[in-house]
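Colleague: The following file, my_file16.cif, comprises mmCIF, N, CA and C atoms:
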data_input
loop_
_atom_site.label_atom_id
_atom_site.label_comp_id
_atom_site.auth_asym_id
_atom_site.auth_seq_id
_atom_site.Cartn_x
_atom_site.Cartn_y
_atom_site.Cartn_z
N MET A 1495 -20.00 -6.05 4.75
CA MET A 1495 -18.75 -6.43 5.36
C MET A 1495 -18.72 -7.94 5.63
N ASP A 1496 -19.85 -8.46 6.05
CA ASP A 1496 -19.89 -9.90 6.34
C ASP A 1496 -19.59 -10.74 5.10
N GLU A 1497 -20.02 -10.25 3.93
CA GLU A 1497 -19.83 -11.02 2.70
C GLU A 1497 -18.36 -11.22 2.36
N VAL A 1498 -17.52 -10.31 2.79
CA VAL A 1498 -16.08 -10.43 2.50
C VAL A 1498 -15.29 -10.82 3.74
N GLY A 1499 -15.98 -11.06 4.84
CA GLY A 1499 -15.31 -11.53 6.06
C GLY A 1499 -14.56 -10.48 6.84
N LEU A 1500 -15.01 -9.23 6.78
CA LEU A 1500 -14.35 -8.15 7.52
C LEU A 1500 -15.20 -7.68 8.69
N ASP A 1501 -14.54 -7.41 9.78
CA ASP A 1501 -15.18 -6.82 10.94
C ASP A 1501 -15.31 -5.33 10.70
N PRO A 1502 -16.52 -4.76 10.76
CA PRO A 1502 -16.69 -3.32 10.50
C PRO A 1502 -15.83 -2.43 11.40
N ARG A 1503 -15.39 -2.93 12.54
CA ARG A 1503 -14.55 -2.12 13.43
C ARG A 1503 -13.16 -1.86 12.85
N LEU A 1504 -12.80 -2.61 11.78
CA LEU A 1504 -11.51 -2.37 11.13
C LEU A 1504 -11.43 -0.95 10.57
N PHE A 1505 -12.57 -0.37 10.28
CA PHE A 1505 -12.59 0.94 9.62
C PHE A 1505 -12.99 2.05 10.58
N ASP A 1506 -12.67 1.90 11.85
CA ASP A 1506 -13.05 2.91 12.83
C ASP A 1506 -12.03 4.04 12.96
N GLY A 1507 -11.04 4.08 12.06
CA GLY A 1507 -10.07 5.16 12.06
C GLY A 1507 -8.85 4.92 12.91
N ASN A 1508 -8.64 3.71 13.39
CA ASN A 1508 -7.51 3.41 14.26
C ASN A 1508 -6.34 2.76 13.51
N SER A 1509 -6.26 2.96 12.22
CA SER A 1509 -5.12 2.51 11.40
C SER A 1509 -4.79 1.04 11.56
N LYS A 1510 -5.76 0.20 11.37
CA LYS A 1510 -5.51 -1.25 11.40
C LYS A 1510 -5.22 -1.73 9.99
N LEU A 1511 -4.39 -2.75 9.89
CA LEU A 1511 -4.10 -3.34 8.58
C LEU A 1511 -5.24 -4.24 8.16
N VAL A 1512 -5.60 -4.15 6.88
CA VAL A 1512 -6.65 -4.98 6.31
C VAL A 1512 -6.00 -5.85 5.25
N PRO A 1513 -6.24 -7.15 5.27
CA PRO A 1513 -5.63 -8.03 4.26
C PRO A 1513 -5.99 -7.57 2.84
N PHE A 1514 -5.01 -7.62 1.94
CA PHE A 1514 -5.24 -7.19 0.56
C PHE A 1514 -6.40 -7.94 -0.08
N THR A 1515 -6.45 -9.24 0.13
CA THR A 1515 -7.50 -10.03 -0.52
C THR A 1515 -8.88 -9.58 -0.05
N ALA A 1516 -9.03 -9.35 1.24
CA ALA A 1516 -10.33 -8.92 1.77
C ALA A 1516 -10.69 -7.53 1.25
N LEU A 1517 -9.73 -6.64 1.23
CA LEU A 1517 -9.98 -5.29 0.74
C LEU A 1517 -10.32 -5.32 -0.75
N GLY A 1518 -9.62 -6.16 -1.49
CA GLY A 1518 -9.92 -6.31 -2.92
C GLY A 1518 -11.33 -6.82 -3.15
N HIS A 1519 -11.73 -7.81 -2.35
CA HIS A 1519 -13.10 -8.33 -2.47
C HIS A 1519 -14.13 -7.26 -2.11
N LEU A 1520 -13.84 -6.49 -1.07
CA LEU A 1520 -14.75 -5.44 -0.64
C LEU A 1520 -14.94 -4.38 -1.73
N ILE A 1521 -13.85 -3.93 -2.32
CA ILE A 1521 -13.96 -2.90 -3.36
C ILE A 1521 -14.63 -3.47 -4.61
N ALA A 1522 -14.31 -4.71 -4.97
CA ALA A 1522 -14.97 -5.33 -6.12
C ALA A 1522 -16.47 -5.45 -5.89
N LEU A 1523 -16.87 -5.86 -4.69
CA LEU A 1523 -18.29 -5.98 -4.36
C LEU A 1523 -18.96 -4.61 -4.40
N ALA A 1524 -18.29 -3.60 -3.85
CA ALA A 1524 -18.85 -2.24 -3.86
C ALA A 1524 -18.97 -1.72 -5.29
N ALA A 1525 -17.98 -1.98 -6.14
CA ALA A 1525 -18.03 -1.54 -7.53
C ALA A 1525 -19.21 -2.20 -8.25
N ASP A 1526 -19.41 -3.48 -7.98
CA ASP A 1526 -20.52 -4.20 -8.59
C ASP A 1526 -21.87 -3.67 -8.10
N ARG A 1527 -22.00 -3.51 -6.80
CA ARG A 1527 -23.28 -3.07 -6.22
C ARG A 1527 -23.64 -1.63 -6.62
N THR A 1528 -22.64 -0.79 -6.79
CA THR A 1528 -22.90 0.61 -7.14
C THR A 1528 -22.89 0.83 -8.66
N ARG A 1529 -22.58 -0.25 -9.39
CA ARG A 1529 -22.45 -0.16 -10.84
C ARG A 1529 -21.45 0.93 -11.23
N CYS A 1530 -20.35 0.94 -10.50
CA CYS A 1530 -19.29 1.92 -10.73
C CYS A 1530 -17.99 1.15 -10.96
N PRO A 1531 -17.76 0.68 -12.20
CA PRO A 1531 -16.58 -0.15 -12.45
C PRO A 1531 -15.25 0.56 -12.22
N HIS A 1532 -15.26 1.87 -12.18
CA HIS A 1532 -14.03 2.62 -11.95
C HIS A 1532 -13.86 3.02 -10.48
N LEU A 1533 -14.55 2.33 -9.58
CA LEU A 1533 -14.44 2.63 -8.16
C LEU A 1533 -13.00 2.55 -7.67
N TRP A 1534 -12.22 1.61 -8.22
CA TRP A 1534 -10.81 1.47 -7.84
C TRP A 1534 -10.07 2.78 -8.06
N LEU A 1535 -10.36 3.45 -9.18
CA LEU A 1535 -9.69 4.71 -9.48
C LEU A 1535 -10.11 5.81 -8.51
N LEU A 1536 -11.37 5.81 -8.13
CA LEU A 1536 -11.86 6.81 -7.18
C LEU A 1536 -11.21 6.61 -5.81
N VAL A 1537 -11.06 5.37 -5.40
CA VAL A 1537 -10.39 5.08 -4.13
C VAL A 1537 -8.93 5.52 -4.21
N GLY A 1538 -8.28 5.23 -5.33
CA GLY A 1538 -6.88 5.61 -5.50
C GLY A 1538 -6.66 7.11 -5.47
N GLN A 1539 -7.62 7.88 -5.97
CA GLN A 1539 -7.50 9.34 -5.94
C GLN A 1539 -7.44 9.88 -4.52
N ARG A 1540 -8.04 9.19 -3.59
CA ARG A 1540 -8.09 9.67 -2.21
C ARG A 1540 -6.94 9.14 -1.36
N THR A 1541 -6.09 8.30 -1.95
CA THR A 1541 -4.97 7.73 -1.23
C THR A 1541 -3.88 8.78 -1.05
N THR A 1542 -3.35 8.88 0.16
CA THR A 1542 -2.29 9.84 0.45
C THR A 1542 -1.11 9.10 1.07
N LEU A 1543 -0.04 9.83 1.33
CA LEU A 1543 1.10 9.22 2.01
C LEU A 1543 0.69 8.70 3.38
N ALA A 1544 -0.26 9.33 4.03
CA ALA A 1544 -0.72 8.87 5.34
C ALA A 1544 -1.29 7.45 5.25
N SER A 1545 -1.80 7.08 4.08
CA SER A 1545 -2.34 5.73 3.89
C SER A 1545 -1.26 4.67 4.01
N LEU A 1546 -0.01 5.07 3.88
CA LEU A 1546 1.11 4.12 3.94
C LEU A 1546 1.71 3.99 5.33
N GLY A 1547 1.13 4.66 6.31
CA GLY A 1547 1.62 4.55 7.68
C GLY A 1547 3.04 5.06 7.84
N LEU A 1548 3.88 4.27 8.49
CA LEU A 1548 5.26 4.69 8.74
C LEU A 1548 6.05 4.89 7.45
N LEU A 1549 5.75 4.09 6.44
CA LEU A 1549 6.44 4.27 5.17
C LEU A 1549 6.10 5.64 4.59
N GLY A 1550 4.86 6.06 4.69
CA GLY A 1550 4.47 7.38 4.22
C GLY A 1550 5.17 8.49 4.98
N LEU A 1551 5.33 8.30 6.29
CA LEU A 1551 6.04 9.28 7.10
C LEU A 1551 7.50 9.38 6.66
N LEU A 1552 8.12 8.24 6.39
CA LEU A 1552 9.49 8.24 5.88
C LEU A 1552 9.58 9.00 4.56
N LEU A 1553 8.67 8.72 3.64
CA LEU A 1553 8.70 9.36 2.33
C LEU A 1553 8.48 10.86 2.44
N ARG A 1554 7.57 11.27 3.31
CA ARG A 1554 7.28 12.70 3.48
C ARG A 1554 8.51 13.46 3.98
N ASN A 1555 9.38 12.79 4.71
CA ASN A 1555 10.54 13.46 5.30
C ASN A 1555 11.83 13.28 4.51
N CYS A 1556 11.74 12.73 3.33
CA CYS A 1556 12.92 12.61 2.46
C CYS A 1556 13.27 13.99 1.91
N GLY A 1557 14.55 14.19 1.65
CA GLY A 1557 15.03 15.48 1.19
C GLY A 1557 14.73 15.82 -0.26
N SER A 1558 14.43 14.80 -1.07
CA SER A 1558 14.16 15.04 -2.48
C SER A 1558 13.23 13.95 -3.00
N VAL A 1559 12.69 14.17 -4.18
CA VAL A 1559 11.84 13.15 -4.80
C VAL A 1559 12.65 11.89 -5.06
N GLY A 1560 13.89 12.06 -5.49
CA GLY A 1560 14.76 10.91 -5.73
C GLY A 1560 14.98 10.09 -4.47
N ASP A 1561 15.25 10.78 -3.35
CA ASP A 1561 15.43 10.08 -2.07
C ASP A 1561 14.15 9.33 -1.69
N ALA A 1562 13.01 9.97 -1.93
CA ALA A 1562 11.73 9.33 -1.59
C ALA A 1562 11.50 8.09 -2.44
N LEU A 1563 11.81 8.17 -3.73
CA LEU A 1563 11.63 7.01 -4.60
C LEU A 1563 12.57 5.87 -4.22
N ARG A 1564 13.81 6.21 -3.88
CA ARG A 1564 14.75 5.16 -3.44
C ARG A 1564 14.28 4.53 -2.12
N SER A 1565 13.76 5.35 -1.23
CA SER A 1565 13.25 4.81 0.04
C SER A 1565 12.03 3.94 -0.19
N LEU A 1566 11.17 4.36 -1.10
CA LEU A 1566 9.99 3.55 -1.43
C LEU A 1566 10.41 2.21 -2.00
N GLU A 1567 11.37 2.23 -2.90
CA GLU A 1567 11.86 0.99 -3.50
C GLU A 1567 12.47 0.07 -2.44
N ALA A 1568 13.21 0.65 -1.52
CA ALA A 1568 13.91 -0.15 -0.50
C ALA A 1568 12.98 -0.68 0.58
N HIS A 1569 11.90 0.04 0.88
CA HIS A 1569 11.08 -0.32 2.03
C HIS A 1569 9.65 -0.75 1.72
N ALA A 1570 9.21 -0.65 0.48
CA ALA A 1570 7.83 -0.98 0.15
C ALA A 1570 7.50 -2.44 0.46
N CYS A 1571 8.49 -3.30 0.35
CA CYS A 1571 8.23 -4.72 0.59
C CYS A 1571 7.84 -4.99 2.04
N VAL A 1572 8.22 -4.12 2.95
CA VAL A 1572 7.84 -4.30 4.35
C VAL A 1572 6.35 -4.06 4.52
N ARG A 1573 5.83 -3.10 3.78
CA ARG A 1573 4.41 -2.74 3.86
C ARG A 1573 3.56 -3.62 2.96
N ASP A 1574 4.05 -3.92 1.76
CA ASP A 1574 3.29 -4.65 0.76
C ASP A 1574 3.62 -6.13 0.85
N ARG A 1575 2.84 -6.85 1.63
CA ARG A 1575 3.11 -8.26 1.85
C ARG A 1575 2.18 -9.17 1.05
N GLY A 1576 1.34 -8.60 0.21
CA GLY A 1576 0.52 -9.41 -0.67
C GLY A 1576 -0.53 -10.24 0.03
N GLY A 1577 -0.79 -10.01 1.27
CA GLY A 1577 -1.89 -10.66 1.95
C GLY A 1577 -1.56 -11.90 2.75
N ASP A 1578 -0.35 -12.45 2.64
CA ASP A 1578 -0.08 -13.66 3.39
C ASP A 1578 0.75 -13.42 4.65
N GLY A 1579 1.11 -12.18 4.90
CA GLY A 1579 1.79 -11.86 6.16
C GLY A 1579 3.29 -12.02 6.15
N ARG A 1580 3.86 -12.50 5.05
CA ARG A 1580 5.31 -12.70 5.00
C ARG A 1580 5.97 -11.54 4.28
N PRO A 1581 6.97 -10.91 4.88
CA PRO A 1581 7.68 -9.83 4.17
C PRO A 1581 8.34 -10.36 2.91
N ARG A 1582 8.37 -9.56 1.91
CA ARG A 1582 8.97 -9.95 0.64
C ARG A 1582 10.13 -9.02 0.31
N CYS A 1583 11.08 -8.92 1.16
CA CYS A 1583 12.24 -8.07 0.91
C CYS A 1583 13.37 -8.95 0.41
N PRO A 1584 13.53 -9.04 -0.90
CA PRO A 1584 14.62 -9.87 -1.42
C PRO A 1584 15.96 -9.26 -1.09
N GLN A 1585 16.96 -10.12 -1.02
CA GLN A 1585 18.32 -9.63 -0.83
C GLN A 1585 18.70 -8.89 -2.09
N ARG A 1586 19.03 -7.62 -1.97
CA ARG A 1586 19.34 -6.82 -3.14
C ARG A 1586 20.84 -6.71 -3.34
N ARG A 1587 21.23 -6.75 -4.62
CA ARG A 1587 22.63 -6.49 -4.93
C ARG A 1587 22.85 -4.99 -4.83
N ARG A 1588 24.01 -4.64 -4.37
CA ARG A 1588 24.34 -3.23 -4.29
C ARG A 1588 24.57 -2.68 -5.69
N ARG A 1589 23.90 -1.57 -6.01
CA ARG A 1589 24.04 -0.96 -7.32
C ARG A 1589 25.31 -0.12 -7.37
N PRO A 1590 25.98 -0.14 -8.52
CA PRO A 1590 27.17 0.69 -8.64
C PRO A 1590 26.78 2.17 -8.55
N GLN A 1591 27.57 2.94 -7.88
CA GLN A 1591 27.33 4.38 -7.75
C GLN A 1591 27.97 5.11 -8.92
N LEU A 1592 27.19 5.91 -9.60
CA LEU A 1592 27.73 6.71 -10.70
C LEU A 1592 28.23 8.03 -10.14
N ARG A 1593 29.42 8.36 -10.49
CA ARG A 1593 30.02 9.60 -10.02
C ARG A 1593 30.43 10.45 -11.21
N PRO A 1594 30.23 11.76 -11.10
CA PRO A 1594 30.65 12.64 -12.22
C PRO A 1594 32.17 12.56 -12.42
N ALA A 1595 32.59 12.67 -13.66
CA ALA A 1595 34.02 12.61 -13.99
C ALA A 1595 34.73 13.88 -13.62
#
Show me the file's structure as structure tokens.
Modeller:
Amino acid sequence: MDEVGLDPRLFDGNSKLVPFTALGHLIALAADRTRCPHLWLLVGQRTTLASLGLLGLLLRNCGSVGDALRSLEAHACVRDRGGDGRPRCPQRRRRPQLRPA
């Protein structure tokens, strides 16, 4: 943990945010040390909606897969800040609504 600059208490189960860059370095170091280049895939297999915090809770309570995907598209930028702490929610143009004839 020291090699990537992380406090081991970050992983005590209290849902703290970990910077993407630090987490990336940690997994890359672990993949190298364990000689398991596909470690990223193994970590991804264990990822659940709970890993997304409030966004995951929102997605779990959507009425359909389509609603969940639209919610993910609309709100993922709040969760995925790329490591620098600034939200990346661009101003979106309103999409035309298609209606059956």
Colleague: Hey, what comes out of the PyMOL selection byres (((chain A and resi 1565 and name CA) around 12) and name CA) on this file? Could you write it as a PyMOL selection string?
Modeller: chain A and resi 1548-1564+1566-1572
Colleague: Would you write out those residues with N, CA and C atoms, as a compact mmCIF listing (two decimals), keeping the file's coordinate frame?
Modeller:
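The resulting out.txt:
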# COMPACT_ATOMS: atom_id res chain seq x y z
N LEU A 1548 3.88 4.27 8.49
CA LEU A 1548 5.26 4.69 8.74
C LEU A 1548 6.05 4.89 7.45
N LEU A 1549 5.75 4.09 6.44
CA LEU A 1549 6.44 4.27 5.17
C LEU A 1549 6.10 5.64 4.59
N GLY A 1550 4.86 6.06 4.69
CA GLY A 1550 4.47 7.38 4.22
C GLY A 1550 5.17 8.49 4.98
N LEU A 1551 5.33 8.30 6.29
CA LEU A 1551 6.04 9.28 7.10
C LEU A 1551 7.50 9.38 6.66
N LEU A 1552 8.12 8.24 6.39
CA LEU A 1552 9.49 8.24 5.88
C LEU A 1552 9.58 9.00 4.56
N LEU A 1553 8.67 8.72 3.64
CA LEU A 1553 8.70 9.36 2.33
C LEU A 1553 8.48 10.86 2.44
N ARG A 1554 7.57 11.27 3.31
CA ARG A 1554 7.28 12.70 3.48
C ARG A 1554 8.51 13.46 3.98
N ASN A 1555 9.38 12.79 4.71
CA ASN A 1555 10.54 13.46 5.30
C ASN A 1555 11.83 13.28 4.51
N CYS A 1556 11.74 12.73 3.33
CA CYS A 1556 12.92 12.61 2.46
C CYS A 1556 13.27 13.99 1.91
N GLY A 1557 14.55 14.19 1.65
CA GLY A 1557 15.03 15.48 1.19
C GLY A 1557 14.73 15.82 -0.26
N SER A 1558 14.43 14.80 -1.07
CA SER A 1558 14.16 15.04 -2.48
C SER A 1558 13.23 13.95 -3.00
N VAL A 1559 12.69 14.17 -4.18
CA VAL A 1559 11.84 13.15 -4.80
C VAL A 1559 12.65 11.89 -5.06
N GLY A 1560 13.89 12.06 -5.49
CA GLY A 1560 14.76 10.91 -5.73
C GLY A 1560 14.98 10.09 -4.47
N ASP A 1561 15.25 10.78 -3.35
CA ASP A 1561 15.43 10.08 -2.07
C ASP A 1561 14.15 9.33 -1.69
N ALA A 1562 13.01 9.97 -1.93
CA ALA A 1562 11.73 9.33 -1.59
C ALA A 1562 11.50 8.09 -2.44
N LEU A 1563 11.81 8.17 -3.73
CA LEU A 1563 11.63 7.01 -4.60
C LEU A 1563 12.57 5.87 -4.22
N ARG A 1564 13.81 6.21 -3.88
CA ARG A 1564 14.75 5.16 -3.44
C ARG A 1564 14.28 4.53 -2.12
N LEU A 1566 11.17 4.36 -1.10
CA LEU A 1566 9.99 3.55 -1.43
C LEU A 1566 10.41 2.21 -2.00
N GLU A 1567 11.37 2.23 -2.90
CA GLU A 1567 11.86 0.99 -3.50
C GLU A 1567 12.47 0.07 -2.44
N ALA A 1568 13.21 0.65 -1.52
CA ALA A 1568 13.91 -0.15 -0.50
C ALA A 1568 12.98 -0.68 0.58
N HIS A 1569 11.90 0.04 0.88
CA HIS A 1569 11.08 -0.32 2.03
C HIS A 1569 9.65 -0.75 1.72
N ALA A 1570 9.21 -0.65 0.48
CA ALA A 1570 7.83 -0.98 0.15
C ALA A 1570 7.50 -2.44 0.46
N CYS A 1571 8.49 -3.30 0.35
CA CYS A 1571 8.23 -4.72 0.59
C CYS A 1571 7.84 -4.99 2.04
N VAL A 1572 8.22 -4.12 2.95
CA VAL A 1572 7.84 -4.30 4.35
C VAL A 1572 6.35 -4.06 4.52
Colleague: Quick one: of A:Ala1522, A:Met1495, A:Val1512, A:Leu1504, who's nearest to Trp1534 of chain A, counting all atoms listed in the file?
Modeller: A:Ala1522
Colleague: To one decimal place, how far is atom C of His1532 of chain A from atom C of Asp1496 of chain A in Å?
Modeller: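 Computing it gives 21.6 Å between the two atoms.
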Colleague: Please evaluate the PyMOL selection byres (((chain A and resi 1516 and name CA) around 10) and name CA) against the displayed coordinates and give the resulting residues as an mmCIF file with N, CA and C atoms, keeping the file's coordinate frame.
Modeller:
data_model
loop_
_atom_site.group_PDB
_atom_site.id
_atom_site.type_symbol
_atom_site.label_atom_id
_atom_site.label_comp_id
_atom_site.auth_asym_id
_atom_site.auth_seq_id
_atom_site.Cartn_x
_atom_site.Cartn_y
_atom_site.Cartn_z
ATOM 1 N N MET A 1495 -20.000 -6.050 4.750
ATOM 2 C CA MET A 1495 -18.750 -6.430 5.360
ATOM 3 C C MET A 1495 -18.720 -7.940 5.630
ATOM 4 N N GLU A 1497 -20.020 -10.250 3.930
ATOM 5 C CA GLU A 1497 -19.830 -11.020 2.700
ATOM 6 C C GLU A 1497 -18.360 -11.220 2.360
ATOM 7 N N VAL A 1498 -17.520 -10.310 2.790
ATOM 8 C CA VAL A 1498 -16.080 -10.430 2.500
ATOM 9 C C VAL A 1498 -15.290 -10.820 3.740
ATOM 10 N N GLY A 1499 -15.980 -11.060 4.840
ATOM 11 C CA GLY A 1499 -15.310 -11.530 6.060
ATOM 12 C C GLY A 1499 -14.560 -10.480 6.840
ATOM 13 N N LEU A 1500 -15.010 -9.230 6.780
ATOM 14 C CA LEU A 1500 -14.350 -8.150 7.520
ATOM 15 C C LEU A 1500 -15.200 -7.680 8.690
ATOM 16 N N VAL A 1512 -5.600 -4.150 6.880
ATOM 17 C CA VAL A 1512 -6.650 -4.980 6.310
ATOM 18 C C VAL A 1512 -6.000 -5.850 5.250
ATOM 19 N N PRO A 1513 -6.240 -7.150 5.270
ATOM 20 C CA PRO A 1513 -5.630 -8.030 4.260
ATOM 21 C C PRO A 1513 -5.990 -7.570 2.840
ATOM 22 N N PHE A 1514 -5.010 -7.620 1.940
ATOM 23 C CA PHE A 1514 -5.240 -7.190 0.560
ATOM 24 C C PHE A 1514 -6.400 -7.940 -0.080
ATOM 25 N N THR A 1515 -6.450 -9.240 0.130
ATOM 26 C CA THR A 1515 -7.500 -10.030 -0.520
ATOM 27 C C THR A 1515 -8.880 -9.580 -0.050
ATOM 28 N N LEU A 1517 -9.730 -6.640 1.230
ATOM 29 C CA LEU A 1517 -9.980 -5.290 0.740
ATOM 30 C C LEU A 1517 -10.320 -5.320 -0.750
ATOM 31 N N GLY A 1518 -9.620 -6.160 -1.490
ATOM 32 C CA GLY A 1518 -9.920 -6.310 -2.920
ATOM 33 C C GLY A 1518 -11.330 -6.820 -3.150
ATOM 34 N N HIS A 1519 -11.730 -7.810 -2.350
ATOM 35 C CA HIS A 1519 -13.100 -8.330 -2.470
ATOM 36 C C HIS A 1519 -14.130 -7.260 -2.110
ATOM 37 N N LEU A 1520 -13.840 -6.490 -1.070
ATOM 38 C CA LEU A 1520 -14.750 -5.440 -0.640
ATOM 39 C C LEU A 1520 -14.940 -4.380 -1.730
ATOM 40 N N ILE A 1521 -13.850 -3.930 -2.320
ATOM 41 C CA ILE A 1521 -13.960 -2.900 -3.360
ATOM 42 C C ILE A 1521 -14.630 -3.470 -4.610
ATOM 43 N N ALA A 1522 -14.310 -4.710 -4.970
ATOM 44 C CA ALA A 1522 -14.970 -5.330 -6.120
ATOM 45 C C ALA A 1522 -16.470 -5.450 -5.890
ATOM 46 N N GLY A 1577 -0.790 -10.010 1.270
ATOM 47 C CA GLY A 1577 -1.890 -10.660 1.950
ATOM 48 C C GLY A 1577 -1.560 -11.900 2.750
#
Colleague: Write out as a PyMOL selection string the set of residues from segment 1521-1583 of chain A that DSSP, computed on the backbone, places in helix (DSSP H, G or I).
Modeller: chain A and resi 1521-1528+1533-1539+1543-1546+1548-1554+1559-1573
Colleague: Atom N of Leu1511 of chain A to atom N of Thr1541 of chain A: how many Å, to one decimal?
Modeller: 16.3 Å
